[in-house]
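Pasting target.txt here (compact mmCIF, C-alpha atoms):
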# COMPACT_ATOMS: atom_id res chain seq x y z
CA MET A 1477 79.48 86.99 96.75
CA ASN A 1478 79.97 89.44 99.61
CA GLU A 1479 79.54 93.08 98.61
CA ALA A 1480 82.94 93.94 100.10
CA VAL A 1481 84.66 91.77 97.51
CA GLN A 1482 85.85 93.61 94.43
CA THR A 1483 84.62 92.33 91.09
CA SER A 1484 86.63 92.24 87.89
CA SER A 1485 84.67 95.14 86.41
CA ASP A 1486 85.94 97.32 89.26
CA PHE A 1487 89.65 96.84 88.57
CA THR A 1488 91.35 100.11 87.75
CA PRO A 1489 94.16 99.78 85.20
CA ARG A 1490 97.36 99.71 87.23
CA VAL A 1491 100.94 98.83 86.34
CA PHE A 1492 103.41 97.09 88.64
CA SER A 1493 106.96 95.97 87.99
CA GLY A 1494 110.19 95.58 89.90
CA ILE A 1495 113.90 94.93 89.52
CA GLN A 1496 116.23 93.09 91.87
CA PRO A 1497 118.89 95.37 93.38
CA SER A 1498 121.77 93.13 92.39
CA GLY A 1499 124.15 95.92 91.39
CA GLY A 1500 125.77 96.89 88.13
CA LEU A 1501 122.92 98.43 86.13
CA THR A 1502 123.42 98.08 82.38
CA LEU A 1503 121.94 99.30 79.13
CA GLY A 1504 119.88 96.12 79.23
CA ASN A 1505 118.20 97.23 82.46
CA TYR A 1506 117.53 100.65 80.97
CA LEU A 1507 116.09 99.60 77.60
CA GLY A 1508 114.46 96.39 78.83
CA ALA A 1509 112.82 97.90 81.89
CA MET A 1510 113.42 101.44 83.12
CA LYS A 1511 112.85 103.29 79.85
CA ARG A 1512 109.66 101.32 79.37
CA PHE A 1513 108.59 102.22 82.91
CA VAL A 1514 109.02 105.91 82.09
CA ASP A 1515 107.03 105.55 78.87
CA THR A 1516 104.19 103.92 80.83
CA GLN A 1517 104.34 106.61 83.51
CA GLU A 1518 103.70 109.25 80.88
CA THR A 1519 100.47 107.55 79.75
CA GLY A 1520 98.80 108.56 83.02
CA VAL A 1521 98.06 104.99 84.16
CA GLN A 1522 98.90 104.57 87.84
CA SER A 1523 102.37 102.99 87.95
CA ILE A 1524 104.09 101.27 90.86
CA TYR A 1525 107.79 100.40 90.62
CA CYS A 1526 109.66 98.47 93.25
CA MET A 1527 113.18 97.50 94.27
CA VAL A 1528 112.62 93.83 95.12
CA ASP A 1529 115.33 93.32 97.73
CA GLN A 1530 113.52 90.36 99.30
CA HIS A 1531 113.97 88.49 96.03
CA ALA A 1532 117.66 89.37 96.03
CA ILE A 1533 118.34 87.50 99.29
CA THR A 1534 117.14 84.17 97.91
CA VAL A 1535 120.89 83.76 97.40
CA TRP A 1536 123.38 85.12 99.92
CA GLN A 1537 124.15 88.82 99.59
CA ASP A 1538 126.85 90.93 101.19
CA PRO A 1539 124.74 93.33 103.34
CA ALA A 1540 126.75 96.45 102.49
CA LYS A 1541 126.66 95.65 98.77
CA LEU A 1542 122.91 94.99 98.89
CA ARG A 1543 122.26 98.37 100.53
CA HIS A 1544 124.45 100.10 97.95
CA ALA A 1545 122.77 98.27 95.08
CA THR A 1546 119.33 99.25 96.37
CA TYR A 1547 120.29 102.92 96.47
CA GLU A 1548 121.89 102.64 93.04
CA LEU A 1549 118.77 101.05 91.56
CA CYS A 1550 116.57 103.80 92.96
CA ALA A 1551 119.01 106.38 91.58
CA GLY A 1552 118.77 104.62 88.22
CA TYR A 1553 114.99 104.76 88.31
CA ILE A 1554 114.98 108.48 89.01
CA ALA A 1555 117.80 109.36 86.60
CA SER A 1556 115.99 107.46 83.84
CA GLY A 1557 112.98 109.71 84.27
CA LEU A 1558 110.70 108.09 86.83
CA ASN A 1559 109.06 110.89 88.78
CA PRO A 1560 108.21 110.02 92.41
CA ASP A 1561 105.24 112.38 92.16
CA LYS A 1562 103.83 110.53 89.14
CA SER A 1563 104.86 106.94 89.96
CA ILE A 1564 105.12 105.15 93.28
CA LEU A 1565 108.75 104.17 93.94
CA PHE A 1566 109.56 102.06 96.97
CA ASN A 1567 111.66 99.29 98.41
CA GLN A 1568 109.91 95.94 98.83
CA SER A 1569 111.11 95.26 102.37
CA GLN A 1570 109.59 98.56 103.56
CA VAL A 1571 106.10 97.22 102.78
CA PRO A 1572 105.57 94.13 104.98
CA GLU A 1573 102.32 93.27 103.21
CA HIS A 1574 104.38 91.76 100.39
CA ALA A 1575 105.73 88.99 102.62
CA GLN A 1576 102.34 88.51 104.29
CA LEU A 1577 100.52 87.95 101.01
CA GLY A 1578 103.48 85.92 99.77
CA TRP A 1579 102.92 83.41 102.57
CA MET A 1580 99.27 83.08 101.66
CA PHE A 1581 100.22 82.41 98.04
CA ASN A 1582 102.69 79.76 99.22
CA CYS A 1583 99.56 77.98 100.40
CA VAL A 1584 97.79 78.48 97.06
CA ALA A 1585 100.63 77.60 94.66
CA ARG A 1586 101.35 73.93 93.96
CA MET A 1587 104.74 72.23 94.24
CA GLY A 1588 104.56 71.14 90.61
CA TRP A 1589 104.12 74.74 89.48
CA MET A 1590 107.27 75.79 91.31
CA GLN A 1591 109.32 72.84 90.08
CA ARG A 1592 108.55 73.80 86.50
CA MET A 1593 109.91 77.33 86.86
CA THR A 1594 112.83 77.80 84.49
CA GLN A 1595 114.79 80.05 86.83
CA TRP A 1596 114.59 77.46 89.62
CA LYS A 1597 115.98 74.83 87.27
CA ASP A 1598 118.72 77.16 86.04
CA LYS A 1599 119.82 78.54 89.41
CA ALA A 1600 119.47 75.43 91.54
CA GLY A 1601 120.48 72.90 88.91
CA LYS A 1602 121.89 69.65 90.25
CA ASN A 1603 122.55 71.34 93.59
CA SER A 1604 118.85 71.82 94.38
CA GLN A 1605 119.07 70.10 97.77
CA ASN A 1606 121.41 72.84 98.95
CA ALA A 1607 119.44 75.74 97.45
CA SER A 1608 117.42 77.93 99.78
CA LEU A 1609 113.70 77.40 100.27
CA GLY A 1610 113.35 81.06 99.32
CA LEU A 1611 114.86 80.43 95.88
CA PHE A 1612 112.27 77.71 95.31
CA ALA A 1613 109.28 79.65 96.64
CA TYR A 1614 110.03 83.23 95.61
CA PRO A 1615 107.76 83.11 92.52
CA ALA A 1616 104.85 83.10 94.99
CA LEU A 1617 106.27 86.28 96.51
CA MET A 1618 106.56 87.75 93.02
CA ALA A 1619 102.87 86.97 92.52
CA ALA A 1620 102.16 88.76 95.79
CA ASP A 1621 104.15 91.79 94.60
CA ILE A 1622 101.80 92.10 91.65
CA LEU A 1623 98.45 91.10 93.12
CA LEU A 1624 98.91 93.07 96.33
CA TYR A 1625 98.15 96.17 94.24
CA HIS A 1626 95.55 94.53 91.99
CA ALA A 1627 97.92 95.30 89.13
CA THR A 1628 96.41 94.63 85.74
CA HIS A 1629 99.56 94.98 83.63
CA VAL A 1630 103.16 93.93 84.29
CA PRO A 1631 105.98 95.18 82.02
CA VAL A 1632 108.53 92.36 81.87
CA GLY A 1633 111.25 90.94 79.68
CA GLU A 1634 110.64 87.73 77.77
CA ASP A 1635 112.57 85.77 80.42
CA GLN A 1636 110.11 86.88 83.14
CA LYS A 1637 106.92 86.02 81.27
CA GLN A 1638 106.70 82.65 83.02
CA HIS A 1639 106.48 84.41 86.38
CA VAL A 1640 103.49 86.44 85.25
CA GLU A 1641 101.88 83.25 83.95
CA LEU A 1642 102.35 81.73 87.42
CA THR A 1643 100.82 84.85 88.95
CA ARG A 1644 97.79 84.38 86.69
CA ASP A 1645 97.52 80.75 87.84
CA ILE A 1646 97.67 81.76 91.49
CA ALA A 1647 95.05 84.50 91.05
CA THR A 1648 92.77 82.12 89.15
CA LYS A 1649 93.09 79.35 91.75
CA PHE A 1650 92.52 81.75 94.68
CA ASN A 1651 89.41 83.20 93.05
CA HIS A 1652 88.11 79.71 92.24
CA ASP A 1653 88.89 78.20 95.64
CA TYR A 1654 87.05 80.95 97.53
CA GLY A 1655 84.30 81.60 95.02
CA VAL A 1656 85.27 85.22 94.48
CA ASP A 1657 86.43 87.48 91.70
CA PHE A 1658 88.86 89.34 93.91
CA PHE A 1659 92.24 89.27 92.19
CA PRO A 1660 92.65 90.46 88.60
CA ILE A 1661 94.33 88.21 86.04
CA PRO A 1662 97.29 90.43 85.11
CA GLU A 1663 98.66 90.74 81.60
CA PRO A 1664 102.40 90.64 80.82
CA VAL A 1665 103.52 93.59 78.71
CA ILE A 1666 106.41 92.62 76.44
CA GLU A 1667 107.04 95.23 73.79
CA GLY A 1668 109.69 97.47 72.31
CA ALA A 1669 112.66 96.98 70.00
CA ALA A 1670 115.11 95.95 72.73
CA THR A 1671 113.26 94.14 75.50
CA ARG A 1672 116.23 91.74 75.50
CA VAL A 1673 119.56 93.52 74.96
CA MET A 1674 122.41 91.25 73.94
CA SER A 1675 126.14 91.29 74.65
CA LEU A 1676 128.29 93.64 72.58
CA ARG A 1677 130.81 90.81 72.23
CA ASP A 1678 128.39 87.97 71.42
CA GLY A 1679 124.98 88.72 69.97
CA THR A 1680 123.63 85.31 71.03
CA LYS A 1681 124.06 86.02 74.76
CA LYS A 1682 122.12 88.43 76.92
CA MET A 1683 123.97 91.54 78.11
CA SER A 1684 124.91 90.79 81.71
CA LYS A 1685 126.81 92.41 84.54
CA SER A 1686 128.25 88.98 85.36
CA ASP A 1687 130.07 88.67 82.03
CA PRO A 1688 133.83 88.76 82.79
CA SER A 1689 134.37 91.20 79.91
CA ASP A 1690 133.34 94.76 80.73
CA ALA A 1691 133.44 95.45 76.99
CA SER A 1692 130.39 93.17 76.61
CA ARG A 1693 128.07 95.69 78.22
CA ILE A 1694 127.36 99.38 78.65
CA ASN A 1695 127.01 100.23 82.32
CA LEU A 1696 124.67 103.05 83.28
CA ARG A 1697 127.53 104.59 85.27
CA ASP A 1698 129.90 104.60 82.24
CA ASP A 1699 131.09 108.02 81.08
CA ALA A 1700 130.68 109.32 77.53
CA ASP A 1701 134.12 108.23 76.33
CA THR A 1702 133.65 104.71 77.65
CA ILE A 1703 130.22 104.37 76.04
CA ALA A 1704 131.54 105.50 72.65
CA LYS A 1705 134.60 103.24 72.88
CA LYS A 1706 132.53 100.15 73.69
CA ILE A 1707 130.20 100.73 70.76
CA ARG A 1708 133.11 101.30 68.36
CA LYS A 1709 134.61 97.97 69.46
CA ALA A 1710 131.31 96.04 69.45
CA LYS A 1711 131.43 92.82 67.45
CA THR A 1712 129.83 93.02 64.01
CA ASP A 1713 129.99 91.20 60.68
CA PRO A 1714 131.50 92.31 57.36
CA GLU A 1715 128.18 92.82 55.55
CA ALA A 1716 126.43 96.17 55.09
CA LEU A 1717 123.24 96.85 57.02
CA PRO A 1718 120.11 95.61 55.22
CA SER A 1719 117.19 97.82 54.25
CA GLU A 1720 114.59 95.47 55.74
CA ALA A 1721 114.33 93.54 59.01
CA ASP A 1722 114.39 90.17 57.23
CA GLY A 1723 117.99 90.92 56.28
CA LEU A 1724 119.02 90.69 59.94
CA GLU A 1725 118.22 86.97 60.10
CA GLY A 1726 121.29 85.00 61.13
CA ARG A 1727 123.15 88.21 62.03
CA PRO A 1728 122.77 88.45 65.84
CA GLU A 1729 125.33 91.24 66.38
CA ALA A 1730 123.86 93.38 63.61
CA ARG A 1731 120.36 92.80 64.95
CA ASN A 1732 121.46 93.75 68.47
CA LEU A 1733 123.01 97.08 67.45
CA VAL A 1734 120.03 97.99 65.28
CA ASN A 1735 117.65 97.08 68.14
CA ILE A 1736 119.63 99.26 70.54
CA TYR A 1737 119.52 102.21 68.14
CA ALA A 1738 115.79 101.74 67.57
CA ALA A 1739 115.01 101.58 71.29
CA LEU A 1740 117.17 104.59 72.17
CA ASN A 1741 115.65 106.65 69.38
CA ASP A 1742 112.03 105.51 69.90
CA GLN A 1743 111.85 104.01 66.43
CA SER A 1744 110.91 100.64 64.98
CA VAL A 1745 113.59 98.44 63.44
CA ASP A 1746 112.04 99.01 60.02
CA GLN A 1747 112.27 102.79 60.47
CA VAL A 1748 115.93 102.56 61.42
CA LEU A 1749 116.80 100.33 58.48
CA ALA A 1750 114.98 102.65 56.10
CA GLU A 1751 117.47 105.32 57.17
CA VAL A 1752 120.71 103.34 57.53
CA GLY A 1753 120.20 100.40 55.18
CA GLY A 1754 123.25 99.98 52.94
CA LYS A 1755 125.66 101.60 55.40
CA GLN A 1756 128.73 99.75 56.63
CA PHE A 1757 129.22 99.39 60.37
CA SER A 1758 132.13 101.85 60.11
CA GLU A 1759 129.46 104.44 59.28
CA PHE A 1760 126.70 103.19 61.57
CA LYS A 1761 128.68 102.74 64.78
CA PRO A 1762 129.60 106.45 65.15
CA ILE A 1763 125.93 107.36 64.66
CA LEU A 1764 124.90 104.84 67.32
CA ALA A 1765 127.69 106.00 69.65
CA ASP A 1766 126.57 109.64 69.42
CA LEU A 1767 122.98 108.67 70.14
CA ALA A 1768 123.93 106.45 73.09
CA VAL A 1769 126.11 109.15 74.63
CA ALA A 1770 123.36 111.75 74.21
CA LYS A 1771 120.77 109.52 75.87
CA LEU A 1772 122.87 107.83 78.57
CA SER A 1773 125.36 110.45 79.77
CA PRO A 1774 122.69 112.53 81.56
CA ILE A 1775 121.52 109.37 83.33
CA SER A 1776 125.05 108.57 84.48
CA GLY A 1777 125.53 112.12 85.75
CA GLU A 1778 122.27 112.20 87.68
CA MET A 1779 122.93 108.80 89.23
CA SER A 1780 126.31 110.04 90.44
CA ARG A 1781 124.69 113.11 91.98
CA LEU A 1782 122.06 111.08 93.81
CA MET A 1783 124.59 108.56 95.09
CA GLN A 1784 126.81 111.26 96.63
CA ASP A 1785 124.21 111.79 99.35
CA THR A 1786 121.46 109.19 99.71
CA THR A 1787 119.29 111.39 101.96
CA GLU A 1788 117.14 112.33 98.97
CA ILE A 1789 116.71 108.67 98.03
CA ASP A 1790 115.76 107.76 101.62
CA ALA A 1791 113.02 110.40 101.59
CA ILE A 1792 111.68 109.20 98.22
CA LEU A 1793 111.61 105.57 99.36
CA ALA A 1794 109.89 106.42 102.65
CA LYS A 1795 107.18 108.42 100.88
CA GLY A 1796 106.79 105.73 98.25
CA ALA A 1797 106.39 102.99 100.87
CA GLU A 1798 103.69 105.03 102.59
CA ARG A 1799 101.80 105.48 99.32
CA ALA A 1800 102.21 101.80 98.46
CA ARG A 1801 100.81 100.72 101.81
CA GLU A 1802 97.75 102.89 101.32
CA ILE A 1803 96.87 100.62 98.39
CA ALA A 1804 98.22 97.34 99.78
CA THR A 1805 96.81 97.33 103.32
CA PRO A 1806 93.09 97.20 102.45
CA ILE A 1807 93.70 94.57 99.76
CA LEU A 1808 95.60 92.35 102.20
CA LYS A 1809 92.94 92.89 104.89
CA GLU A 1810 90.20 91.85 102.47
CA THR A 1811 92.26 88.80 101.43
CA TYR A 1812 92.46 87.77 105.08
CA ARG A 1813 88.72 88.23 105.48
CA ILE A 1814 87.99 86.11 102.41
CA VAL A 1815 90.05 83.16 103.71
CA GLY A 1816 88.52 83.44 107.19
CA MET A 1817 91.29 84.99 109.27
CA VAL A 1818 89.73 85.98 112.60
CA GLY A 1819 90.16 89.66 113.42
CA ALA A 1820 91.11 90.61 109.88
Hey, can you dump this file as structure tokens for me?
Amino acid sequence: MNEAVQTSSDFTPRVFSGIQPSGGLTLGNYLGAMKRFVDTQETGVQSIYCMVDQHAITVWQDPAKLRHATYELCAGYIASGLNPDKSILFNQSQVPEHAQLGWMFNCVARMGWMQRMTQWKDKAGKNSQNASLGLFAYPALMAADILLYHATHVPVGEDQKQHVELTRDIATKFNHDYGVDFFPIPEPVIEGAATRVMSLRDGTKKMSKSDPSDASRINLRDDADTIAKKIRKAKTDPEALPSEADGLEGRPEARNLVNIYAALNDQSVDQVLAEVGGKQFSEFKPILADLAVAKLSPISGEMSRLMQDTTEIDAILAKGAERAREIATPILKETYRIVGMVGA
């Protein structure tokens, strides 16, 4: 193996993750992703967080709304506690190496792998012949997002685990095909009490900005009164809260509210139930509402400040893209050399 090629023992622990700027950030985005990003940032491991706007355009987007959503997502990152001096924050389309490596992985990934992707099946459905090629192939671009930085760990929700598994397949096949140990085999990181936050109106459905009922979700731009009102009106059941986690079986709404409390308060479900077990929801909901307001209102306020003038966000994204490219460019160049690109 050529000495220029990096071996697995040389991989520095590095975290990468990203969110699509599709607008309407919710409590689910915060607890399932952004809060976890901040927690990782504070461990000292190099962390890279991206606004994956190239993934967003796999389905048609209104250009003005996409720009606004990208700014809003960056504002959400910062307001949640991501520090541009500690983490690298950038917009995917500002780093062209993502698309370049994505094309190479299109040539590594197999059609059968892509056809098995759950999100392709769900989004394309019976109308697959009219879906965009990008919607079919974007998991290869997601693999490029991760491997372009030799990321070793990827914080994701349970519904994104399949994409990391595909990334592992692509890295393994590339390394095997070229007889190298160049790309790491990244690990999905799925942890926390609320990696999947459910609807406040139906505990069996994921909290979503697309739900027609605004009462089903807490938006990160909601004010304190709105947050408290939505929690007070959240669907529950008539039983008291149990003292142990097993007592939440078959009670999706109760489980969801307890998970939310645990995640906001940095506790385990068992710790929460040790404190509130036996309480009726009429007692628990005000406690949860006070906690949610205390944690989320500052985020809403800071997002509003940042969105009033996006000059600060532009500067952060430009600096972040520059820092990202410092890592990405040599990795892409070495990838080209490995596959035999002349002049690379």
Tell me which of A:Leu1565, A:Val1630, A:Ala1545, A:Ile1533 sits closest to Ala1607 in chain A, counting all atoms listed in the file.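 Result for the nearest residue to Ala1607 in chain A: A:Ile1533.
CA of Ala1575 in chain A is found 6.7 Å from CA of Leu1617 in chain A.
Take the candidates A:His1652, A:Lys1755, A:Lys1706, A:His1574 and check each one against Leu1808 in chain A using only C-alpha atoms; the shortest distance goes to A:His1574.
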Sorted by chain and rising residue number, which residues of range 1644-1674 of chain A lie within 9 Å of range 1678-1685 of chain A, and what are their closest atom pairs and distances in Å to one decimal, counting all atoms listed in the file, as a tab-separated table?
residue	atom	partner	partner_atom	distance
A:Arg1672	CA	A:Lys1682	CA	6.9
A:Val1673	CA	A:Met1683	CA	5.8
A:Met1674	CA	A:Lys1682	CA	4.1
Which protein, DNA or RNA residues are at most 12 Å from (117.1, 91.2, 97.4) in the file's coordinates when you count all atoms listed in the file, listed as an NGL selection string? :A and (1494-1499 or 1526-1539 or 1541-1546 or 1549 or 1567-1569 or 1610-1611 or 1614 or 1617-1618)
Could you tell me how far CA of Val1745 in chain A sits from CA of Ile1775 in chain A, in Å to one decimal place?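 About the pair CA of Ile1775 in chain A and CA of Val1745 in chain A: they are 24.0 Å apart.
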Would you compute an axis-aligned box for range 1531-1537 of chain A, covering every atom listed for it in the file with 5 Å of margin on each side, and report centre and edge lengths in Å to one decimal as lines of an AutoDock Vina configuration file?
center_x = 119.1
center_y = 86.6
center_z = 98.0
size_x = 20.2
size_y = 15.6
size_z = 13.9
Using only C-alpha atoms, which of A:Ser1780, A:Thr1786, A:Ser1719, A:Thr1502 sits nearest Gly1753 in chain A?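 Among the listed residues, A:Ser1719 lies closest to Gly1753 in chain A.
Polymer residues near (118.3, 110.5, 85.3): counting all atoms listed in the file with a cut-off of 8 Å, they are Ala1551, Gly1552, Tyr1553, Ile1554, Ala1555, Ser1556, Gly1557, Pro1774, Ile1775, Ser1776, Gly1777, Glu1778 and Met1779 of chain A.
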Within 10 Å of Ala1613 in chain A using all atoms listed in the file, minus same-chain residues under 6 positions, as a PyMOL selection string: chain A and resi 1534+1578-1579+1581-1582+1585+1587+1590-1591+1596
Go through A:Glu1667, A:Asp1635, A:Glu1798, A:Glu1720 one by one, measure the shortest atom-to-atom distance of each to Gln1747 in chain A using only C-alpha atoms, and give the residue with the smallest value.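 Distance minimum relative to Gln1747 in chain A lands on A:Glu1720.
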